[in-house]
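Right, one structure below, let's go through it.
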Amino acid sequence: MSIKSILKFVSAVGLVVFFLLLIPPIVGFFHNEDVFIYTVVMFALFIVNLSTFLILQNDEMVLGIKESIISVNFIWILLGIGGAIPMVLYTKIDPAGAFFEAISGFTTTGASVYTDVEILPKSILFHRSLMHWIGGIGIIVLGVGLLPLINPSGSVSLFKAESTGISMDKITPKIKDTANRIWAVYILFTLANFVLLMLFGMNWFDAINHAFATISTGGFSTKNTSLAGFSDGVVWTTTFFMVISGINFLAHIRFFNGDKAAFNTEENKWYIGLIFFLAFAMALEHSITSENSFYNSLMHSFFTVATLASTTGFASLDYEKWGQFTMMIAILAMIMSANAGSTAGGIKMIRYVLFFKNIALEIKRTIQPDVITSIFVDGKQIKSSIISSVFGFFALFILTAFFVTMYLFARGFDLLTAFSTSISMIGNIGPGLNLTGPSQNYAFFSWYDKIILSFAMIIGRLECYTVFMMLSRNFWKKF
């Protein structure tokens, strides 16, 4: 194992991230905030990472599977610590709460421990949103796209370690070029969202913060009531960008390259289809059982289903007040998740497609034992190793959710709060139900609860395998 390679890559990513985190103090300066200590701390972290990289610049960077996995896990913890420091210094928050907020930011979970975000300094609000935006597309994809010094095999290892979904895919022969194109689309969507939000009545500060949180499918807002109270145009715009941010970014690249069938995949059809089905079901039920108009019910239903399915976590209202049927729809939306290769967290729709296709295949084999058949997705045969990996992921996800749920239940929280919170943390969704519902926050948890929930967010962001692999004795022996 090459310790120098790990340190070199971690420092390279760190210097990029902490250079970007020098922007919030600039925002604070223009709002007449005292950001001297803030600036010094972020600059110091930038210098530490830059110095480490320069010291190791002549050492060859060899990144195999072991180095990549260790780097990924190490980076998330370090970023959580670094991102927490300004919040400890400038807000009334304990270190565990700040670490939770930073991890929630970088993993784009969007769960917050702040009970009143509107009293926070502008620099801290921008800091929270920027952590979303940086983490949304993946810290490692950012690094791969900006570090031409990484050898080809190392690039592939890192891309596999961070990318979400069942397998790695790319547009161009070089991973670095693919990552750069992803970032180009990412920035384009952010700018488009920002402009439209301003056109529909947001000021520039709210617009840029919400654009960061939307495209990253994060969910941090500058308002205590999230998007409630903004215009219908803001709600519909945010709904649209949450939905497209839940689509594989490689499909967006193909679309911009002229591929009209880029979105014509089984995964995307299920993702879009379920959003429409669940939203219409929620809207129809609510418009019938309440005095709200069908249009108003439809707007908030689409927003609610989109924000939960894309794991963004915004709220346009407290949907728990809509009754049990709406809460059932909300749970289904939380569990369904979005596409692989998107900024969303969760299980990913493609895994569900493979899961149910495999169940159907096993039923067919039971009825017709001699039949020889395979699983196909979009006309391509799926290898048995991928099917095994999908079922392994389901097992790890369910086990992790079970243990987090049991921990919270043993701590005295009701089962609905415990279960929904565990799904929210591991799925990087943000709001849960009951005590952690859309109108609540995570401030009431103890400091050790916040630490455990922070690591649950990291496990979910790295899709279980990347974390649990380090607990395997074979991992340390084989590589």
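In the structure tokens, the first chain shown is A, the next is B, and so on; residue numbers restart at 1 for each chain, and ligands run from 1 in the order shown.
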Taking only residues of stretch 279-391 of chain A that have an atom at most 12 Å from an atom of stretch 435-452 of chain A, what is each one's shortest atom pair and its distance in Å to one decimal, using only C-alpha atoms, in chain and number order, as a Markdown table?
| residue | atom | partner | partner_atom | distance |
| --- | --- | --- | --- | --- |
| A:Thr304 | CA | A:Pro438 | CA | 10.0 |
| A:Thr307 | CA | A:Pro438 | CA | 10.9 |
| A:Leu308 | CA | A:Pro438 | CA | 10.5 |
| A:Thr312 | CA | A:Pro438 | CA | 11.7 |
| A:Gly313 | CA | A:Pro438 | CA | 8.0 |
| A:Phe314 | CA | A:Pro438 | CA | 7.8 |
| A:Ala315 | CA | A:Pro438 | CA | 6.2 |
| A:Ser316 | CA | A:Pro438 | CA | 9.0 |
| A:Leu317 | CA | A:Pro438 | CA | 7.7 |
| A:Asp318 | CA | A:Pro438 | CA | 5.8 |
| A:Tyr319 | CA | A:Pro438 | CA | 7.4 |
| A:Glu320 | CA | A:Gly437 | CA | 7.4 |
| A:Lys321 | CA | A:Ser439 | CA | 10.3 |
| A:Met327 | CA | A:Gly437 | CA | 10.2 |
| A:Ala330 | CA | A:Gly437 | CA | 10.7 |
| A:Ile331 | CA | A:Gly437 | CA | 11.5 |
Filtering to N, CA, C and O atoms, could you give me those residues as a PDB file, in the first residue's frame?
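Below is the file that was written, again_37.pdb:
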ATOM      1  N   THR A 304     -43.208  17.462  -3.662  1.00  0.00           N
ATOM      2  CA  THR A 304     -42.909  16.559  -2.545  1.00  0.00           C
ATOM      3  C   THR A 304     -42.350  15.231  -3.035  1.00  0.00           C
ATOM      4  O   THR A 304     -41.336  14.742  -2.520  1.00  0.00           O
ATOM      5  N   THR A 307     -38.843  15.879  -4.530  1.00  0.00           N
ATOM      6  CA  THR A 307     -37.791  16.180  -3.552  1.00  0.00           C
ATOM      7  C   THR A 307     -37.372  14.944  -2.763  1.00  0.00           C
ATOM      8  O   THR A 307     -36.209  14.804  -2.379  1.00  0.00           O
ATOM      9  N   LEU A 308     -38.308  14.008  -2.536  1.00  0.00           N
ATOM     10  CA  LEU A 308     -37.974  12.784  -1.811  1.00  0.00           C
ATOM     11  C   LEU A 308     -37.350  11.742  -2.730  1.00  0.00           C
ATOM     12  O   LEU A 308     -36.367  11.082  -2.366  1.00  0.00           O
ATOM     13  N   THR A 312     -33.454  15.148  -2.466  1.00  0.00           N
ATOM     14  CA  THR A 312     -33.072  16.542  -2.233  1.00  0.00           C
ATOM     15  C   THR A 312     -33.446  16.978  -0.826  1.00  0.00           C
ATOM     16  O   THR A 312     -32.590  17.432  -0.067  1.00  0.00           O
ATOM     17  N   GLY A 313     -34.729  16.867  -0.481  1.00  0.00           N
ATOM     18  CA  GLY A 313     -35.117  17.160   0.891  1.00  0.00           C
ATOM     19  C   GLY A 313     -35.677  18.536   1.148  1.00  0.00           C
ATOM     20  O   GLY A 313     -35.827  18.934   2.303  1.00  0.00           O
ATOM     21  N   PHE A 314     -35.982  19.305   0.099  1.00  0.00           N
ATOM     22  CA  PHE A 314     -36.694  20.566   0.304  1.00  0.00           C
ATOM     23  C   PHE A 314     -38.124  20.277   0.772  1.00  0.00           C
ATOM     24  O   PHE A 314     -38.596  19.141   0.729  1.00  0.00           O
ATOM     25  N   ALA A 315     -38.820  21.350   1.165  1.00  0.00           N
ATOM     26  CA  ALA A 315     -40.241  21.223   1.514  1.00  0.00           C
ATOM     27  C   ALA A 315     -40.966  22.471   1.051  1.00  0.00           C
ATOM     28  O   ALA A 315     -40.465  23.590   1.207  1.00  0.00           O
ATOM     29  N   SER A 316     -42.129  22.273   0.440  1.00  0.00           N
ATOM     30  CA  SER A 316     -42.970  23.410   0.056  1.00  0.00           C
ATOM     31  C   SER A 316     -44.126  23.571   1.034  1.00  0.00           C
ATOM     32  O   SER A 316     -44.827  24.577   1.015  1.00  0.00           O
ATOM     33  N   LEU A 317     -44.303  22.551   1.876  1.00  0.00           N
ATOM     34  CA  LEU A 317     -45.291  22.571   2.961  1.00  0.00           C
ATOM     35  C   LEU A 317     -45.026  21.356   3.850  1.00  0.00           C
ATOM     36  O   LEU A 317     -44.183  20.518   3.543  1.00  0.00           O
ATOM     37  N   ASP A 318     -45.747  21.287   4.970  1.00  0.00           N
ATOM     38  CA  ASP A 318     -45.611  20.139   5.861  1.00  0.00           C
ATOM     39  C   ASP A 318     -46.573  19.047   5.384  1.00  0.00           C
ATOM     40  O   ASP A 318     -47.738  19.007   5.771  1.00  0.00           O
ATOM     41  N   TYR A 319     -46.056  18.156   4.525  1.00  0.00           N
ATOM     42  CA  TYR A 319     -46.932  17.152   3.913  1.00  0.00           C
ATOM     43  C   TYR A 319     -47.446  16.115   4.905  1.00  0.00           C
ATOM     44  O   TYR A 319     -48.387  15.380   4.614  1.00  0.00           O
ATOM     45  N   GLU A 320     -46.861  16.058   6.096  1.00  0.00           N
ATOM     46  CA  GLU A 320     -47.372  15.129   7.108  1.00  0.00           C
ATOM     47  C   GLU A 320     -48.795  15.494   7.530  1.00  0.00           C
ATOM     48  O   GLU A 320     -49.568  14.634   7.961  1.00  0.00           O
ATOM     49  N   LYS A 321     -49.147  16.780   7.387  1.00  0.00           N
ATOM     50  CA  LYS A 321     -50.486  17.227   7.753  1.00  0.00           C
ATOM     51  C   LYS A 321     -51.536  16.796   6.724  1.00  0.00           C
ATOM     52  O   LYS A 321     -52.727  16.989   6.942  1.00  0.00           O
ATOM     53  N   MET A 327     -48.383  10.254   3.753  1.00  0.00           N
ATOM     54  CA  MET A 327     -47.179   9.743   4.405  1.00  0.00           C
ATOM     55  C   MET A 327     -46.753   8.421   3.781  1.00  0.00           C
ATOM     56  O   MET A 327     -45.555   8.147   3.643  1.00  0.00           O
ATOM     57  N   ALA A 330     -45.072   9.329   0.646  1.00  0.00           N
ATOM     58  CA  ALA A 330     -43.771   9.912   0.976  1.00  0.00           C
ATOM     59  C   ALA A 330     -42.739   8.827   1.261  1.00  0.00           C
ATOM     60  O   ALA A 330     -41.583   8.910   0.812  1.00  0.00           O
ATOM     61  N   ILE A 331     -43.138   7.798   1.994  1.00  0.00           N
ATOM     62  CA  ILE A 331     -42.219   6.697   2.295  1.00  0.00           C
ATOM     63  C   ILE A 331     -41.822   5.973   1.012  1.00  0.00           C
ATOM     64  O   ILE A 331     -40.643   5.644   0.805  1.00  0.00           O
TER      65      ILE A 331
END
Using only C-alpha atoms, tabulate the residues of stretch 171-228 of chain A lying at most 12 Å from any atom of stretch 17-28 of chain A, each with its closest atom pair and that distance in Å to one decimal, by chain and increasing residue number, as a Markdown table.
| residue | atom | partner | partner_atom | distance |
| --- | --- | --- | --- | --- |
| A:Trp204 | CA | A:Val27 | CA | 12.0 |
| A:Phe205 | CA | A:Val27 | CA | 9.5 |
| A:Ile208 | CA | A:Val27 | CA | 11.8 |
| A:Asn209 | CA | A:Pro24 | CA | 11.3 |
Counting only C-alpha atoms, what is within 12 Å of A:Val10, bar same-chain residues fewer than 4 positions away, as a PyMOL selection string? chain A and resi 3-6+14-18+48-50+52-53+56+61+63+67-79+139-140+142-144+147+158
Can you write just those residues out, N, CA and C atoms, as a tab-separated table (two decimals), in the first residue's frame?
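Result saved to out.tsv:
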chain	number	residue	atom	x	y	z
A	3	ILE	N	1.29	4.82	1.02
A	3	ILE	CA	0.81	5.90	1.88
A	3	ILE	C	1.00	7.25	1.20
A	4	LYS	N	2.11	7.42	0.51
A	4	LYS	CA	2.40	8.69	-0.16
A	4	LYS	C	1.37	8.99	-1.25
A	5	SER	N	0.96	7.95	-1.97
A	5	SER	CA	-0.05	8.15	-3.01
A	5	SER	C	-1.37	8.60	-2.41
A	6	ILE	N	-1.73	7.99	-1.28
A	6	ILE	CA	-2.97	8.35	-0.60
A	6	ILE	C	-2.91	9.81	-0.14
A	14	GLY	N	-8.12	18.11	-1.32
A	14	GLY	CA	-8.29	19.08	-0.23
A	14	GLY	C	-7.97	20.50	-0.65
A	15	LEU	N	-6.90	20.67	-1.44
A	15	LEU	CA	-6.53	22.03	-1.81
A	15	LEU	C	-7.57	22.64	-2.77
A	16	VAL	N	-8.19	21.80	-3.61
A	16	VAL	CA	-9.25	22.30	-4.49
A	16	VAL	C	-10.48	22.69	-3.67
A	17	VAL	N	-10.88	21.80	-2.76
A	17	VAL	CA	-12.08	22.04	-1.96
A	17	VAL	C	-11.91	23.27	-1.07
A	18	PHE	N	-10.79	23.36	-0.36
A	18	PHE	CA	-10.62	24.47	0.57
A	18	PHE	C	-10.32	25.78	-0.15
A	48	VAL	N	-2.00	23.95	4.04
A	48	VAL	CA	-1.58	22.63	4.52
A	48	VAL	C	-1.69	21.60	3.40
A	49	ASN	N	-2.81	21.61	2.71
A	49	ASN	CA	-3.01	20.65	1.62
A	49	ASN	C	-2.07	20.95	0.44
A	50	LEU	N	-1.89	22.23	0.13
A	50	LEU	CA	-0.99	22.60	-0.96
A	50	LEU	C	0.45	22.20	-0.64
A	52	THR	N	1.48	19.81	1.39
A	52	THR	CA	1.59	18.35	1.34
A	52	THR	C	1.71	17.87	-0.10
A	53	PHE	N	0.90	18.45	-0.98
A	53	PHE	CA	0.95	18.06	-2.39
A	53	PHE	C	2.28	18.43	-3.03
A	56	LEU	N	5.08	16.12	-2.08
A	56	LEU	CA	4.98	14.80	-2.70
A	56	LEU	C	4.85	14.87	-4.22
A	61	MET	N	2.17	8.78	-8.28
A	61	MET	CA	0.90	8.47	-7.65
A	61	MET	C	0.37	7.14	-8.19
A	63	LEU	N	-2.43	4.48	-7.59
A	63	LEU	CA	-3.71	4.32	-6.89
A	63	LEU	C	-4.39	3.05	-7.34
A	67	GLU	N	-5.72	1.74	-2.22
A	67	GLU	CA	-5.44	3.16	-2.02
A	67	GLU	C	-6.67	4.02	-2.32
A	68	SER	N	-7.42	3.63	-3.35
A	68	SER	CA	-8.60	4.39	-3.72
A	68	SER	C	-9.67	4.33	-2.64
A	69	ILE	N	-9.92	3.13	-2.13
A	69	ILE	CA	-10.94	2.96	-1.10
A	69	ILE	C	-10.57	3.73	0.16
A	70	ILE	N	-9.32	3.61	0.58
A	70	ILE	CA	-8.87	4.31	1.78
A	70	ILE	C	-8.95	5.83	1.57
A	71	SER	N	-8.55	6.30	0.39
A	71	SER	CA	-8.60	7.73	0.09
A	71	SER	C	-10.01	8.27	0.19
A	72	VAL	N	-10.95	7.54	-0.40
A	72	VAL	CA	-12.34	7.98	-0.41
A	72	VAL	C	-12.88	8.14	1.01
A	73	ASN	N	-12.68	7.11	1.83
A	73	ASN	CA	-13.18	7.17	3.21
A	73	ASN	C	-12.48	8.27	4.01
A	74	PHE	N	-11.19	8.40	3.82
A	74	PHE	CA	-10.40	9.38	4.54
A	74	PHE	C	-10.83	10.80	4.18
A	75	ILE	N	-11.10	11.03	2.90
A	75	ILE	CA	-11.47	12.36	2.42
A	75	ILE	C	-12.77	12.83	3.07
A	76	TRP	N	-13.78	11.95	3.13
A	76	TRP	CA	-15.07	12.38	3.67
A	76	TRP	C	-14.97	12.79	5.13
A	77	ILE	N	-14.18	12.05	5.90
A	77	ILE	CA	-14.01	12.41	7.32
A	77	ILE	C	-13.27	13.74	7.46
A	78	LEU	N	-12.20	13.91	6.70
A	78	LEU	CA	-11.44	15.15	6.77
A	78	LEU	C	-12.27	16.35	6.32
A	79	LEU	N	-13.05	16.17	5.27
A	79	LEU	CA	-13.90	17.27	4.81
A	79	LEU	C	-14.97	17.62	5.84
A	139	ILE	N	-16.70	14.27	-4.67
A	139	ILE	CA	-15.38	14.83	-4.45
A	139	ILE	C	-14.33	14.12	-5.32
A	140	ILE	N	-14.47	12.84	-5.50
A	140	ILE	CA	-13.45	12.11	-6.24
A	140	ILE	C	-13.56	12.36	-7.73
A	142	LEU	N	-14.50	15.14	-8.99
A	142	LEU	CA	-13.85	16.44	-9.10
A	142	LEU	C	-12.35	16.27	-9.19
A	143	GLY	N	-11.79	15.44	-8.31
A	143	GLY	CA	-10.36	15.24	-8.29
A	143	GLY	C	-9.86	14.59	-9.56
A	144	VAL	N	-10.56	13.58	-10.04
A	144	VAL	CA	-10.15	12.89	-11.25
A	144	VAL	C	-10.18	13.84	-12.43
A	147	LEU	N	-7.06	16.37	-12.00
A	147	LEU	CA	-5.70	15.91	-11.71
A	147	LEU	C	-5.15	15.05	-12.84
A	158	LEU	N	-10.41	5.14	-8.81
A	158	LEU	CA	-11.06	6.20	-8.06
A	158	LEU	C	-12.47	6.44	-8.55
Can you build me a table of stretch 105-135 of chain A residues sitting at most 10 Å from stretch 403-426 of chain A, with the closest atom pair per residue and its distance in Å to one decimal, using only C-alpha atoms, sorted by chain and residue number, as a tab-separated table?
residue	atom	partner	partner_atom	distance
A:Thr107	CA	A:Met425	CA	9.7
A:Thr109	CA	A:Met425	CA	7.0
A:Gly110	CA	A:Met425	CA	9.4
A:Ala111	CA	A:Met425	CA	8.1
Using Å and a single decimal, report how far atom CA of A:Thr326 sits from atom CA of A:Phe280.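 It comes out at 11.3 Å.
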Pick out each residue of stretch 338-463 of chain A that DSSP on the backbone tags as helix (DSSP H, G or I); I need them as a PyMOL selection string. chain A and resi 349-367+384-410+415-426+434-436+447-461
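Non-sequential neighbours of A:Glu118 (distance at most 9 Å, separation of 5 or more positions within a chain, only C-alpha atoms) are Leu125, Thr222, Lys223 and Asn224 of chain A.
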Per-residue DSSP, stretch 277-416 of chain A, filtered to strand (DSSP E), as number ranges by chain: A: 376-377, 380-381
One residue among A:Ala251, A:Ile347, A:Leu197, A:Ile182 is nearest to A:Trp236 when using only C-alpha atoms, and that residue is A:Leu197
For A:Lys380, find every residue with an atom within 12 Å (counting only C-alpha atoms), except residues of its own chain fewer than 5 positions away, and show them as an MDAnalysis selection string. chainID A and resid 265:266 374:375
Dump as a PDB file, in the first residue's frame, selection limited to N, CA, C and O atoms:
ATOM      1  N   THR A 265     -34.146   4.941 -21.413  1.00  0.00           N
ATOM      2  CA  THR A 265     -33.635   3.754 -20.727  1.00  0.00           C
ATOM      3  C   THR A 265     -34.692   3.220 -19.777  1.00  0.00           C
ATOM      4  O   THR A 265     -35.592   3.963 -19.348  1.00  0.00           O
ATOM      5  N   GLU A 266     -34.588   1.951 -19.454  1.00  0.00           N
ATOM      6  CA  GLU A 266     -35.557   1.347 -18.534  1.00  0.00           C
ATOM      7  C   GLU A 266     -35.523   2.041 -17.181  1.00  0.00           C
ATOM      8  O   GLU A 266     -36.565   2.301 -16.577  1.00  0.00           O
ATOM      9  N   SER A 374     -31.677 -15.234 -19.426  1.00  0.00           N
ATOM     10  CA  SER A 374     -30.814 -14.258 -18.761  1.00  0.00           C
ATOM     11  C   SER A 374     -31.588 -12.975 -18.526  1.00  0.00           C
ATOM     12  O   SER A 374     -32.694 -12.788 -19.043  1.00  0.00           O
ATOM     13  N   ILE A 375     -30.989 -12.094 -17.762  1.00  0.00           N
ATOM     14  CA  ILE A 375     -31.586 -10.789 -17.497  1.00  0.00           C
ATOM     15  C   ILE A 375     -31.004  -9.773 -18.469  1.00  0.00           C
ATOM     16  O   ILE A 375     -29.780  -9.693 -18.645  1.00  0.00           O
TER      17      ILE A 375
END
Determine the nearest neighbour of A:Tyr38 from the options A:Ser301, A:Thr466, A:Asn193, A:Thr91, counting only C-alpha atoms. A:Thr91
Atom CA of A:Phe475 and atom CA of A:Gly138 are how many Å apart?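 Between atom CA of A:Phe475 and atom CA of A:Gly138 the gap works out to 23.5 Å.
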Find the residues around A:Ala211 up to 8 Å (only C-alpha atoms counted), leave out those fewer than 4 positions away in its own chain, and share them as a VMD selection string. chain A and resid 190 to 191 193 to 194 197 207 215
Two-atom distance - atom CA of A:Leu471, atom CA of A:Phe393 (Å): 15.4 Å
